[in-house]
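Trainee: Provided herewith is a single structure, encoded as C-alpha coordinates, for subsequent inquiry.
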Amino acid sequence: MAIILIVLAYFAVLFTVGRLTSRRSTNEAFYRADRRSPWPMVAFGMVGASISGVTFVSVPGMVQSSQMAYLQVCLGFIVGYVVVAFVLLPLYYRLNLTTIYTYLGQRLGRQSYLSGAWFFLLSKMTGAALKFYVVCMVLQEFVFDALGIPFWAGVVGLVLLIWLYTNRGGIKTLVVTDTVQTVCLLTALLLIIYKVTGDLGLSLGDAVQAVADSPMSRVFVMDDWASPRNFWKQFLSGVFIVVVMTGLDQDMMQKNLTCKTLREAQKDMCSYGVAFVPVNLLFLSLGVLLTMLPATSGATGDALLPAYVHTFLAEGDSVAAIPAIPAIFVLGIVAASFSTADSALTSMTTSFCVDVRQRPADVQLRRRVHLLMCLVFAVFIILFRYVNSASLIDAIYTMVGYTYGPLLGLFAFGLLTRRRPADRLVPYICVASPLLCLAIDVLAQSQWGYHFGYELLMLNGLLTFAGLRGSSAYKFFS
(Lines give C-alpha, C1' and ligand atoms only; values in the text may rest on other atoms or scores of the structure.)
Protein backbone atom coordinates (compact mmCIF):
# COMPACT_ATOMS: atom_id res chain seq x y z
CA MET A 1 0.00 0.00 0.00
CA ALA A 2 2.85 2.37 0.85
CA ILE A 3 4.39 1.78 -2.58
CA ILE A 4 1.19 2.79 -4.36
CA LEU A 5 0.71 5.84 -2.12
CA ILE A 6 4.27 7.04 -2.67
CA VAL A 7 4.09 6.59 -6.44
CA LEU A 8 0.75 8.41 -6.61
CA ALA A 9 2.06 11.25 -4.45
CA TYR A 10 5.17 11.44 -6.62
CA PHE A 11 3.16 11.77 -9.82
CA ALA A 12 0.85 14.30 -8.21
CA VAL A 13 3.89 16.50 -7.59
CA LEU A 14 5.08 16.07 -11.17
CA PHE A 15 1.65 16.92 -12.60
CA THR A 16 1.44 20.01 -10.41
CA VAL A 17 4.85 21.19 -11.57
CA GLY A 18 3.89 20.41 -15.16
CA ARG A 19 0.73 22.49 -14.93
CA LEU A 20 2.49 25.45 -13.33
CA THR A 21 5.40 25.52 -15.77
CA SER A 22 3.38 24.97 -18.94
CA ARG A 23 1.14 28.02 -18.64
CA ARG A 24 1.29 30.06 -21.83
CA SER A 25 3.90 27.60 -23.10
CA THR A 26 5.26 28.10 -26.61
CA ASN A 27 7.53 26.02 -28.82
CA GLU A 28 10.44 28.17 -27.68
CA ALA A 29 9.66 27.19 -24.08
CA PHE A 30 9.22 23.53 -25.05
CA TYR A 31 12.56 23.41 -26.90
CA ARG A 32 14.75 25.86 -24.93
CA ALA A 33 12.83 26.99 -21.81
CA ASP A 34 13.13 30.55 -23.17
CA ARG A 35 16.84 30.42 -22.19
CA ARG A 36 15.99 31.48 -18.63
CA SER A 37 16.88 28.44 -16.50
CA PRO A 38 19.00 29.11 -13.38
CA TRP A 39 22.22 27.12 -13.69
CA PRO A 40 22.27 25.65 -10.11
CA MET A 41 18.84 24.09 -10.73
CA VAL A 42 19.93 22.68 -14.09
CA ALA A 43 23.13 21.26 -12.56
CA PHE A 44 21.36 19.56 -9.66
CA GLY A 45 18.63 18.19 -11.89
CA MET A 46 21.16 16.82 -14.36
CA VAL A 47 22.52 14.51 -11.65
CA GLY A 48 19.15 12.75 -11.55
CA ALA A 49 18.71 12.89 -15.32
CA SER A 50 22.08 11.21 -15.86
CA ILE A 51 21.65 8.56 -13.14
CA SER A 52 19.00 6.24 -14.49
CA GLY A 53 17.16 3.33 -12.94
CA VAL A 54 19.83 1.13 -14.49
CA THR A 55 22.44 2.81 -12.29
CA PHE A 56 20.23 2.29 -9.25
CA VAL A 57 19.97 -1.46 -9.91
CA SER A 58 23.17 -2.39 -11.73
CA VAL A 59 25.96 -0.35 -10.14
CA PRO A 60 25.70 -1.89 -6.62
CA GLY A 61 26.00 -5.36 -8.16
CA MET A 62 29.10 -4.39 -10.14
CA VAL A 63 31.32 -4.79 -7.08
CA GLN A 64 30.98 -8.56 -7.28
CA SER A 65 32.57 -8.84 -10.71
CA SER A 66 34.70 -5.71 -11.09
CA GLN A 67 35.08 -4.29 -7.56
CA MET A 68 34.94 -0.48 -7.72
CA ALA A 69 36.67 -0.23 -11.08
CA TYR A 70 33.65 1.65 -12.43
CA LEU A 71 34.99 4.72 -10.59
CA GLN A 72 37.80 4.78 -13.17
CA VAL A 73 35.15 5.53 -15.79
CA CYS A 74 33.62 8.19 -13.50
CA LEU A 75 37.01 9.91 -13.17
CA GLY A 76 37.14 10.04 -16.95
CA PHE A 77 33.68 11.61 -16.87
CA ILE A 78 35.10 14.68 -15.11
CA VAL A 79 37.63 15.32 -17.88
CA GLY A 80 34.91 14.70 -20.47
CA TYR A 81 32.63 17.31 -18.91
CA VAL A 82 35.46 19.87 -18.96
CA VAL A 83 36.00 19.18 -22.67
CA VAL A 84 32.30 19.60 -23.40
CA ALA A 85 32.06 22.76 -21.30
CA PHE A 86 34.98 24.55 -22.94
CA VAL A 87 35.03 23.12 -26.47
CA LEU A 88 31.46 22.27 -27.49
CA LEU A 89 29.31 24.62 -25.41
CA PRO A 90 30.98 27.79 -26.77
CA LEU A 91 30.27 26.53 -30.30
CA TYR A 92 26.61 25.78 -29.55
CA TYR A 93 26.02 29.13 -27.84
CA ARG A 94 27.81 31.07 -30.57
CA LEU A 95 25.57 29.51 -33.22
CA ASN A 96 22.47 29.94 -30.99
CA LEU A 97 21.38 26.35 -31.71
CA THR A 98 18.08 24.74 -30.80
CA THR A 99 19.41 21.29 -31.69
CA ILE A 100 23.12 20.56 -31.81
CA TYR A 101 22.86 18.62 -35.08
CA THR A 102 22.13 21.86 -36.94
CA TYR A 103 25.90 22.41 -36.70
CA LEU A 104 26.49 19.35 -38.89
CA GLY A 105 24.27 20.82 -41.57
CA GLN A 106 26.10 24.15 -41.52
CA ARG A 107 29.56 22.60 -41.46
CA LEU A 108 29.32 19.33 -43.43
CA GLY A 109 26.11 19.26 -45.46
CA ARG A 110 22.48 18.18 -45.39
CA GLN A 111 23.07 14.40 -45.50
CA SER A 112 25.55 14.70 -42.63
CA TYR A 113 22.94 16.71 -40.74
CA LEU A 114 20.23 14.09 -41.26
CA SER A 115 22.61 11.22 -40.51
CA GLY A 116 23.50 12.77 -37.16
CA ALA A 117 19.86 13.37 -36.27
CA TRP A 118 18.73 9.87 -37.23
CA PHE A 119 21.59 8.19 -35.36
CA PHE A 120 20.68 10.24 -32.31
CA LEU A 121 17.02 9.22 -32.58
CA LEU A 122 17.95 5.53 -32.92
CA SER A 123 20.47 5.65 -30.09
CA LYS A 124 18.27 7.59 -27.72
CA MET A 125 15.14 5.56 -28.36
CA THR A 126 16.86 2.22 -27.71
CA GLY A 127 19.01 3.46 -24.82
CA ALA A 128 16.23 5.29 -23.01
CA ALA A 129 13.81 2.39 -23.52
CA LEU A 130 16.35 -0.05 -22.08
CA LYS A 131 16.86 2.18 -19.05
CA PHE A 132 13.13 2.69 -18.50
CA TYR A 133 12.63 -1.06 -18.80
CA VAL A 134 14.14 -1.27 -15.30
CA VAL A 135 11.41 0.75 -13.62
CA CYS A 136 8.73 -1.14 -15.52
CA MET A 137 10.10 -4.48 -14.30
CA VAL A 138 10.39 -3.25 -10.71
CA LEU A 139 6.88 -1.84 -10.61
CA GLN A 140 5.56 -4.98 -12.26
CA GLU A 141 7.18 -7.12 -9.58
CA PHE A 142 6.29 -4.98 -6.58
CA VAL A 143 2.97 -3.42 -7.60
CA PHE A 144 1.33 -4.47 -10.87
CA ASP A 145 1.50 -8.27 -10.40
CA ALA A 146 -0.40 -7.95 -7.13
CA LEU A 147 -3.06 -5.89 -8.89
CA GLY A 148 -3.32 -8.28 -11.85
CA ILE A 149 -2.07 -5.69 -14.36
CA PRO A 150 -0.17 -7.24 -17.32
CA PHE A 151 3.29 -5.95 -18.22
CA TRP A 152 2.23 -4.26 -21.47
CA ALA A 153 -0.58 -2.36 -19.74
CA GLY A 154 1.76 -1.15 -17.01
CA VAL A 155 4.23 0.10 -19.62
CA VAL A 156 1.58 1.96 -21.57
CA GLY A 157 0.24 3.51 -18.37
CA LEU A 158 3.65 4.71 -17.20
CA VAL A 159 4.55 6.20 -20.58
CA LEU A 160 1.16 7.91 -20.68
CA LEU A 161 1.96 9.54 -17.33
CA ILE A 162 5.17 10.96 -18.80
CA TRP A 163 3.28 12.31 -21.80
CA LEU A 164 0.71 14.00 -19.55
CA TYR A 165 3.20 16.19 -17.69
CA THR A 166 5.63 16.88 -20.58
CA ASN A 167 3.43 17.38 -23.65
CA ARG A 168 2.91 21.10 -23.06
CA GLY A 169 5.86 22.46 -21.09
CA GLY A 170 8.61 20.29 -22.53
CA ILE A 171 12.12 21.21 -21.41
CA LYS A 172 10.83 24.12 -19.33
CA THR A 173 8.91 21.64 -17.19
CA LEU A 174 11.77 19.13 -17.04
CA VAL A 175 14.28 21.59 -15.59
CA VAL A 176 12.04 21.78 -12.51
CA THR A 177 10.87 18.15 -12.35
CA ASP A 178 14.47 16.93 -12.66
CA THR A 179 15.27 18.79 -9.45
CA VAL A 180 12.39 17.06 -7.66
CA GLN A 181 13.43 13.68 -9.03
CA THR A 182 17.06 14.12 -8.03
CA VAL A 183 16.02 14.90 -4.44
CA CYS A 184 13.87 11.74 -4.40
CA LEU A 185 16.50 9.36 -5.79
CA LEU A 186 19.33 10.64 -3.56
CA THR A 187 17.05 10.48 -0.51
CA ALA A 188 16.11 6.90 -1.36
CA LEU A 189 19.76 5.93 -1.83
CA LEU A 190 20.83 7.41 1.51
CA LEU A 191 17.91 5.83 3.39
CA ILE A 192 18.70 2.37 1.96
CA ILE A 193 22.38 2.73 2.92
CA TYR A 194 21.32 3.78 6.42
CA LYS A 195 19.04 0.76 6.74
CA VAL A 196 21.67 -1.71 5.46
CA THR A 197 24.26 -0.24 7.83
CA GLY A 198 21.83 -0.75 10.72
CA ASP A 199 21.10 -4.33 9.66
CA LEU A 200 24.84 -5.04 9.80
CA GLY A 201 25.02 -3.55 13.31
CA LEU A 202 27.55 -0.94 12.18
CA SER A 203 27.89 2.72 12.93
CA LEU A 204 28.48 5.08 10.02
CA GLY A 205 32.20 5.16 10.73
CA ASP A 206 32.36 1.38 11.01
CA ALA A 207 30.52 1.03 7.71
CA VAL A 208 33.02 3.32 5.97
CA GLN A 209 35.88 1.28 7.39
CA ALA A 210 34.24 -2.02 6.40
CA VAL A 211 33.88 -0.82 2.82
CA ALA A 212 37.47 0.40 2.73
CA ASP A 213 38.77 -2.94 4.08
CA SER A 214 36.74 -5.06 1.65
CA PRO A 215 38.61 -6.65 -1.27
CA MET A 216 35.72 -5.37 -3.41
CA SER A 217 36.81 -1.77 -2.81
CA ARG A 218 39.66 -1.97 -5.32
CA VAL A 219 39.37 0.94 -7.74
CA PHE A 220 42.45 0.99 -9.97
CA VAL A 221 43.46 -1.82 -12.34
CA MET A 222 46.94 -1.02 -13.66
CA ASP A 223 48.47 -4.48 -14.06
CA ASP A 224 46.44 -6.09 -16.85
CA TRP A 225 46.41 -4.38 -20.25
CA ALA A 226 44.19 -7.08 -21.74
CA SER A 227 41.46 -6.55 -19.14
CA PRO A 228 38.45 -4.41 -20.13
CA ARG A 229 38.82 -2.90 -16.63
CA ASN A 230 42.32 -1.56 -17.21
CA PHE A 231 42.56 1.98 -15.84
CA TRP A 232 43.54 3.74 -19.06
CA LYS A 233 40.89 1.93 -21.10
CA GLN A 234 38.16 2.85 -18.64
CA PHE A 235 39.41 6.38 -17.97
CA LEU A 236 39.70 7.29 -21.64
CA SER A 237 36.40 5.54 -22.37
CA GLY A 238 34.81 7.66 -19.63
CA VAL A 239 36.11 10.81 -21.32
CA PHE A 240 34.73 9.79 -24.71
CA ILE A 241 31.45 8.48 -23.27
CA VAL A 242 30.75 11.92 -21.79
CA VAL A 243 31.83 13.78 -24.92
CA VAL A 244 29.46 11.62 -26.98
CA MET A 245 26.61 10.85 -24.57
CA THR A 246 26.48 14.43 -23.26
CA GLY A 247 28.28 16.76 -25.63
CA LEU A 248 26.93 15.16 -28.81
CA ASP A 249 23.57 14.14 -27.36
CA GLN A 250 20.60 16.46 -27.87
CA ASP A 251 18.94 15.08 -24.75
CA MET A 252 21.72 16.12 -22.37
CA MET A 253 22.68 19.31 -24.18
CA GLN A 254 19.12 20.58 -24.53
CA LYS A 255 18.92 21.28 -20.80
CA ASN A 256 22.36 22.86 -20.66
CA LEU A 257 21.39 25.14 -23.54
CA THR A 258 18.51 26.55 -21.46
CA CYS A 259 20.93 28.48 -19.23
CA LYS A 260 20.95 32.24 -19.68
CA THR A 261 24.59 32.58 -20.73
CA LEU A 262 27.51 30.44 -21.84
CA ARG A 263 29.30 31.14 -18.55
CA GLU A 264 26.37 29.81 -16.54
CA ALA A 265 26.10 26.73 -18.74
CA GLN A 266 29.79 25.99 -18.18
CA LYS A 267 29.42 26.30 -14.41
CA ASP A 268 26.39 24.02 -14.56
CA MET A 269 28.22 21.31 -16.52
CA CYS A 270 31.41 21.30 -14.46
CA SER A 271 29.41 21.18 -11.22
CA TYR A 272 27.35 18.10 -12.00
CA GLY A 273 30.32 16.46 -13.75
CA VAL A 274 32.28 16.41 -10.49
CA ALA A 275 29.22 15.11 -8.59
CA PHE A 276 29.27 11.80 -10.44
CA VAL A 277 32.24 10.41 -8.50
CA PRO A 278 30.76 10.71 -4.96
CA VAL A 279 27.29 9.62 -6.09
CA ASN A 280 28.56 6.49 -7.82
CA LEU A 281 30.86 5.82 -4.87
CA LEU A 282 27.73 5.68 -2.71
CA PHE A 283 26.10 3.17 -5.08
CA LEU A 284 29.20 0.97 -5.11
CA SER A 285 29.59 1.21 -1.32
CA LEU A 286 25.99 0.08 -0.98
CA GLY A 287 26.87 -2.94 -3.12
CA VAL A 288 29.80 -3.84 -0.84
CA LEU A 289 27.60 -3.57 2.25
CA LEU A 290 24.87 -5.69 0.67
CA THR A 291 27.34 -8.53 0.00
CA MET A 292 28.03 -8.65 3.75
CA LEU A 293 24.40 -9.46 4.57
CA PRO A 294 23.54 -13.17 4.91
CA ALA A 295 20.13 -12.53 3.32
CA THR A 296 21.71 -11.44 0.02
CA SER A 297 24.70 -13.78 -0.05
CA GLY A 298 23.29 -15.78 -2.98
CA ALA A 299 22.30 -12.79 -5.10
CA THR A 300 24.54 -11.58 -7.93
CA GLY A 301 24.73 -8.69 -10.37
CA ASP A 302 21.54 -6.79 -11.07
CA ALA A 303 19.65 -8.99 -8.58
CA LEU A 304 21.70 -7.87 -5.55
CA LEU A 305 19.70 -4.81 -4.45
CA PRO A 306 16.26 -6.24 -5.41
CA ALA A 307 17.11 -9.39 -3.39
CA TYR A 308 17.64 -7.22 -0.30
CA VAL A 309 14.31 -5.47 -0.87
CA HIS A 310 12.59 -8.84 -1.23
CA THR A 311 13.71 -9.90 2.24
CA PHE A 312 11.39 -7.32 3.77
CA LEU A 313 8.41 -8.57 1.79
CA ALA A 314 9.27 -12.18 2.62
CA GLU A 315 9.60 -11.44 6.31
CA GLY A 316 6.33 -9.56 6.41
CA ASP A 317 7.86 -6.13 6.86
CA SER A 318 5.07 -3.59 7.19
CA VAL A 319 4.81 -2.24 3.68
CA ALA A 320 1.97 -0.06 4.92
CA ALA A 321 4.56 1.98 6.81
CA ILE A 322 5.87 4.87 4.72
CA PRO A 323 9.58 4.28 5.57
CA ALA A 324 9.40 0.63 4.44
CA ILE A 325 12.41 -0.35 2.32
CA PRO A 326 10.35 -1.64 -0.64
CA ALA A 327 8.56 1.70 -0.90
CA ILE A 328 11.81 3.66 -0.66
CA PHE A 329 13.44 1.43 -3.26
CA VAL A 330 10.57 1.91 -5.71
CA LEU A 331 10.65 5.67 -5.15
CA GLY A 332 14.34 5.77 -6.02
CA ILE A 333 13.88 3.63 -9.12
CA VAL A 334 10.88 5.64 -10.32
CA ALA A 335 12.62 8.98 -9.76
CA ALA A 336 15.81 7.89 -11.51
CA SER A 337 14.04 6.31 -14.47
CA PHE A 338 11.44 8.99 -15.08
CA SER A 339 14.03 11.77 -15.04
CA THR A 340 15.80 9.90 -17.86
CA ALA A 341 12.76 8.93 -19.90
CA ASP A 342 10.92 12.25 -19.87
CA SER A 343 13.91 14.22 -21.09
CA ALA A 344 14.69 11.59 -23.74
CA LEU A 345 11.18 11.82 -25.18
CA THR A 346 11.29 15.62 -25.16
CA SER A 347 14.67 15.72 -26.92
CA MET A 348 13.58 13.20 -29.56
CA THR A 349 10.49 15.29 -30.25
CA THR A 350 12.69 18.37 -30.58
CA SER A 351 15.16 16.68 -32.93
CA PHE A 352 12.47 15.19 -35.16
CA CYS A 353 10.57 18.48 -35.51
CA VAL A 354 13.63 20.72 -35.92
CA ASP A 355 16.11 18.42 -37.69
CA VAL A 356 14.11 15.88 -39.67
CA ARG A 357 10.93 17.82 -40.51
CA GLN A 358 12.56 21.26 -40.11
CA ARG A 359 9.32 22.82 -38.86
CA PRO A 360 10.24 24.14 -35.38
CA ALA A 361 7.36 26.62 -35.25
CA ASP A 362 4.58 24.08 -35.95
CA VAL A 363 2.85 23.50 -32.60
CA GLN A 364 0.45 20.85 -33.93
CA LEU A 365 3.31 18.86 -35.47
CA ARG A 366 5.23 19.02 -32.19
CA ARG A 367 2.27 17.65 -30.23
CA ARG A 368 1.64 14.81 -32.70
CA VAL A 369 5.31 13.87 -32.80
CA HIS A 370 5.56 13.88 -29.01
CA LEU A 371 2.65 11.45 -28.78
CA LEU A 372 4.16 9.27 -31.52
CA MET A 373 7.51 9.15 -29.72
CA CYS A 374 5.75 8.01 -26.55
CA LEU A 375 3.97 5.19 -28.42
CA VAL A 376 7.17 3.96 -30.11
CA PHE A 377 8.95 4.20 -26.76
CA ALA A 378 6.35 1.91 -25.17
CA VAL A 379 6.72 -0.62 -27.99
CA PHE A 380 10.51 -0.73 -27.53
CA ILE A 381 10.14 -1.34 -23.79
CA ILE A 382 7.72 -4.21 -24.33
CA LEU A 383 10.16 -5.76 -26.83
CA PHE A 384 12.99 -5.60 -24.27
CA ARG A 385 10.88 -7.82 -22.04
CA TYR A 386 11.58 -10.65 -24.45
CA VAL A 387 15.04 -9.97 -25.84
CA ASN A 388 17.18 -8.47 -23.05
CA SER A 389 19.33 -10.82 -20.99
CA ALA A 390 22.71 -9.11 -20.50
CA SER A 391 23.71 -6.95 -17.57
CA LEU A 392 21.76 -3.79 -18.26
CA ILE A 393 24.45 -1.18 -17.86
CA ASP A 394 26.94 -3.13 -19.98
CA ALA A 395 24.26 -3.65 -22.62
CA ILE A 396 23.64 0.09 -22.78
CA TYR A 397 27.30 1.03 -23.11
CA THR A 398 27.85 -1.68 -25.73
CA MET A 399 24.96 -0.27 -27.72
CA VAL A 400 26.35 3.25 -27.25
CA GLY A 401 29.65 2.14 -28.76
CA TYR A 402 27.86 1.07 -31.93
CA THR A 403 25.27 3.81 -32.36
CA TYR A 404 27.00 6.88 -30.93
CA GLY A 405 30.32 6.22 -32.68
CA PRO A 406 29.21 7.80 -35.98
CA LEU A 407 28.18 10.96 -34.08
CA LEU A 408 31.64 11.13 -32.54
CA GLY A 409 33.24 10.75 -35.99
CA LEU A 410 30.99 13.39 -37.60
CA PHE A 411 31.59 16.06 -34.96
CA ALA A 412 35.32 15.27 -34.73
CA PHE A 413 35.65 15.65 -38.49
CA GLY A 414 33.80 18.96 -38.42
CA LEU A 415 35.80 20.36 -35.50
CA LEU A 416 39.28 19.03 -36.28
CA THR A 417 39.45 19.51 -40.05
CA ARG A 418 38.54 22.15 -42.59
CA ARG A 419 37.49 19.64 -45.20
CA ARG A 420 33.98 18.80 -46.35
CA PRO A 421 33.11 15.14 -47.00
CA ALA A 422 31.28 13.80 -50.02
CA ASP A 423 27.93 14.51 -48.39
CA ARG A 424 25.96 11.90 -50.33
CA LEU A 425 28.30 9.16 -49.04
CA VAL A 426 28.00 10.11 -45.36
CA PRO A 427 24.93 7.95 -44.54
CA TYR A 428 26.68 4.88 -45.98
CA ILE A 429 29.84 5.62 -43.97
CA CYS A 430 27.83 6.02 -40.76
CA VAL A 431 26.13 2.66 -41.29
CA ALA A 432 29.28 0.83 -42.39
CA SER A 433 31.36 1.94 -39.40
CA PRO A 434 29.34 0.14 -36.68
CA LEU A 435 29.13 -2.99 -38.85
CA LEU A 436 32.90 -2.96 -39.32
CA CYS A 437 33.33 -2.50 -35.56
CA LEU A 438 31.17 -5.55 -34.94
CA ALA A 439 33.27 -7.60 -37.37
CA ILE A 440 36.51 -6.45 -35.71
CA ASP A 441 35.16 -7.30 -32.24
CA VAL A 442 34.10 -10.79 -33.32
CA LEU A 443 37.47 -11.38 -35.04
CA ALA A 444 39.44 -10.15 -32.01
CA GLN A 445 37.56 -12.50 -29.70
CA SER A 446 37.92 -15.55 -31.92
CA GLN A 447 41.57 -15.01 -32.92
CA TRP A 448 43.19 -13.39 -29.90
CA GLY A 449 40.64 -13.75 -27.09
CA TYR A 450 40.41 -9.96 -26.80
CA HIS A 451 37.01 -8.50 -25.99
CA PHE A 452 36.41 -4.83 -26.67
CA GLY A 453 34.92 -2.92 -23.76
CA TYR A 454 33.93 0.73 -23.61
CA GLU A 455 36.82 1.54 -25.97
CA LEU A 456 34.60 0.30 -28.80
CA LEU A 457 33.14 3.81 -28.91
CA MET A 458 36.54 5.31 -29.74
CA LEU A 459 37.21 2.72 -32.45
CA ASN A 460 33.82 3.39 -34.03
CA GLY A 461 34.39 7.15 -34.05
CA LEU A 462 37.85 6.67 -35.55
CA LEU A 463 36.50 4.48 -38.37
CA THR A 464 33.78 7.03 -39.14
CA PHE A 465 36.36 9.82 -39.14
CA ALA A 466 38.59 7.83 -41.51
CA GLY A 467 35.63 7.17 -43.81
CA LEU A 468 34.74 10.87 -43.92
CA ARG A 469 38.37 11.76 -44.61
CA GLY A 470 38.46 9.24 -47.44
CA SER A 471 35.22 10.58 -48.90
CA SER A 472 36.61 14.12 -48.89
CA ALA A 473 39.63 12.90 -50.89
CA TYR A 474 37.28 11.07 -53.28
CA LYS A 475 35.29 14.29 -53.67
CA PHE A 476 38.48 16.22 -54.40
CA PHE A 477 39.71 13.88 -57.15
CA SER A 478 36.31 13.11 -58.73
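Labeling convention for the C-alpha coordinates: chains A, B, ... as they appear, residues from 1 per chain, ligands from 1 in order of appearance.
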Residues near A:Leu463, anyone? I mean within 7 Å using only C-alpha atoms, not counting same-chain ones fewer than 4 positions away, as a list in words.
Mentor: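 Everything that qualifies: Ser433, Leu459 and Gly467 of chain A.
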Trainee: Could you please take those selected residues and save N, CA, C and O atoms as a PDB file, in the first residue's frame?
Mentor:
```pdb
ATOM      1  N   SER A 433      30.416   1.902 -40.518  1.00  0.00           N
ATOM      2  CA  SER A 433      31.358   1.935 -39.401  1.00  0.00           C
ATOM      3  C   SER A 433      30.959   1.026 -38.246  1.00  0.00           C
ATOM      4  O   SER A 433      31.776   0.229 -37.769  1.00  0.00           O
ATOM      5  N   LEU A 459      36.912   3.382 -31.177  1.00  0.00           N
ATOM      6  CA  LEU A 459      37.209   2.722 -32.453  1.00  0.00           C
ATOM      7  C   LEU A 459      36.161   3.080 -33.499  1.00  0.00           C
ATOM      8  O   LEU A 459      36.493   3.379 -34.657  1.00  0.00           O
ATOM      9  N   GLY A 467      36.508   7.248 -42.651  1.00  0.00           N
ATOM     10  CA  GLY A 467      35.630   7.169 -43.815  1.00  0.00           C
ATOM     11  C   GLY A 467      35.292   8.541 -44.362  1.00  0.00           C
ATOM     12  O   GLY A 467      35.268   8.753 -45.591  1.00  0.00           O
TER      13      GLY A 467
END
```
Trainee: Using only C-alpha atoms, I'd like a table of the residues in stretch 121-164 of chain A that come within 10 Å of stretch 37-57 of chain A; for each, show the closest atom pair and its distance in Å rounded to one decimal, ordered by chain and ascending number, as CSV.
Mentor:
```
residue,atom,partner,partner_atom,distance
A:Ala128,CA,A:Ser52,CA,9.0
A:Leu130,CA,A:Val54,CA,8.4
A:Lys131,CA,A:Val54,CA,5.5
A:Phe132,CA,A:Gly53,CA,6.9
A:Tyr133,CA,A:Gly53,CA,8.6
A:Val134,CA,A:Gly53,CA,6.0
A:Val135,CA,A:Gly53,CA,6.3
A:Cys136,CA,A:Gly53,CA,9.9
A:Val138,CA,A:Gly53,CA,9.7
```
Trainee: Taking only C-alpha atoms into account, name the residue in A:Gln106, A:Pro60, A:Ile333, A:Leu435 that is nearest to A:Thr291.
Mentor: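 Of all the options, A:Pro60 lies closest to A:Thr291.
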Trainee: Looking at A:Leu468, A:Met253, A:Ala307, A:Val376, which one is nearest to A:Ser347, with distances taken over only C-alpha atoms?
Mentor: A:Met253
Trainee: Near stretch 263-273 of chain A, counting only C-alpha atoms, which residues have an atom at most 6 Å away, once you skip same-chain residues fewer than 3 positions from it, shown as an MDAnalysis selection string?
Mentor: chainID A and resid 39 43 78 81 85 256 259 276
Trainee: How many Å lie between atom CA of A:Asp213 and atom CA of A:Tyr308, rounded to one decimal?
Mentor: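 We find that atom CA of A:Asp213 and atom CA of A:Tyr308 lie 22.0 Å from each other.
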Trainee: Which residues of stretch 173-245 of chain A come within 12 Å of stretch 159-169 of chain A, and what is each one's closest atom pair and distance in Å (one decimal), counting only C-alpha atoms, sorted by chain and residue number, as a tab-separated table?
Mentor:
```
residue	atom	partner	partner_atom	distance
A:Thr173	CA	A:Gly169	CA	5.0
A:Leu174	CA	A:Thr166	CA	7.4
A:Val175	CA	A:Gly169	CA	10.1
A:Val176	CA	A:Gly169	CA	10.6
A:Thr177	CA	A:Tyr165	CA	9.5
A:Asp178	CA	A:Thr166	CA	11.9
```
Trainee: What's the separation between atom CA of A:Gly332 and atom CA of A:Ala146, in Å to one decimal place?
Mentor: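 Spanning atom CA of A:Gly332 to atom CA of A:Ala146 is a straight-line distance of 20.2 Å.
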Trainee: Applying 8 Å and only C-alpha atoms, which residues near A:Leu410 remain after dropping the ones on its own chain fewer than 5 positions away? List them as a list of chain:residue names.
Mentor: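 Selected residues are A:Leu104, A:Ser112, A:Gly116, A:Gly461, A:Thr464, A:Phe465, A:Leu468.
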Trainee: Do a neighbour search on A:Val196 at 9 Å with only C-alpha atoms, toss out local chain neighbours closer than 3 positions, and write the hits as number ranges by chain.
Mentor: A: 191-193, 199-202, 286, 289-290, 293, 308
Trainee: Taking only C-alpha atoms into account, which of A:Ala153, A:Ile325, A:Met62, A:Ala335 comes nearest A:Val288?
Mentor: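 Ranking A:Ala153, A:Ile325, A:Met62, A:Ala335 by distance to A:Val288, first place goes to A:Met62.
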Trainee: Tell me, as a list in words, which residues lie within 10 Å of A:Arg36, counting only C-alpha atoms; anything in the same chain fewer than 5 positions away does not count.
Mentor: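 Near A:Arg36, the qualifying residues are Ala29, Lys172, Leu257, Thr258, Cys259, Lys260 and Thr261 of chain A.
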Trainee: Run DSSP on the backbone and grab whatever in stretch 231-438 of chain A lands in alpha helix (DSSP H); send it over as a ChimeraX atom specification.
Mentor: /A:231-242,250-256,262-291,304-314,325-351,363-387,392-403,405-416,426-438
Trainee: Determine the nearest neighbour of A:Arg107 from the options A:Arg469, A:Thr16, A:Gly414, A:Ala439, counting only C-alpha atoms.
Mentor: A:Gly414
Trainee: Would you please work out which residue, of A:Met245, A:Val309, A:Gly287, A:Ile4, is nearest to A:Lys124 when using only C-alpha atoms?
Mentor: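 Going through A:Met245, A:Val309, A:Gly287, A:Ile4 one by one, the smallest distance to A:Lys124 is for A:Met245.
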Trainee: Could you tell me which of A:Leu462, A:Val426, A:Ala69, A:Leu190 comes closest to A:Phe240 if we count only C-alpha atoms?
Mentor: A:Leu462
Trainee: So how many Å separate atom CA of A:Leu75 and atom CA of A:Leu88, to one decimal?
Mentor: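 Interatomic distance here is 19.7 Å.
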Trainee: So which residues touch A:Tyr386 within 12 Å, counting only C-alpha atoms, skipping near sequence neighbours fewer than 3 positions away, as a list in words?
Mentor: Leu130, Tyr133, Met137, Phe151, Trp152, Val379, Phe380, Ile381, Ile382, Leu383, Ser389 and Ala390 of chain A
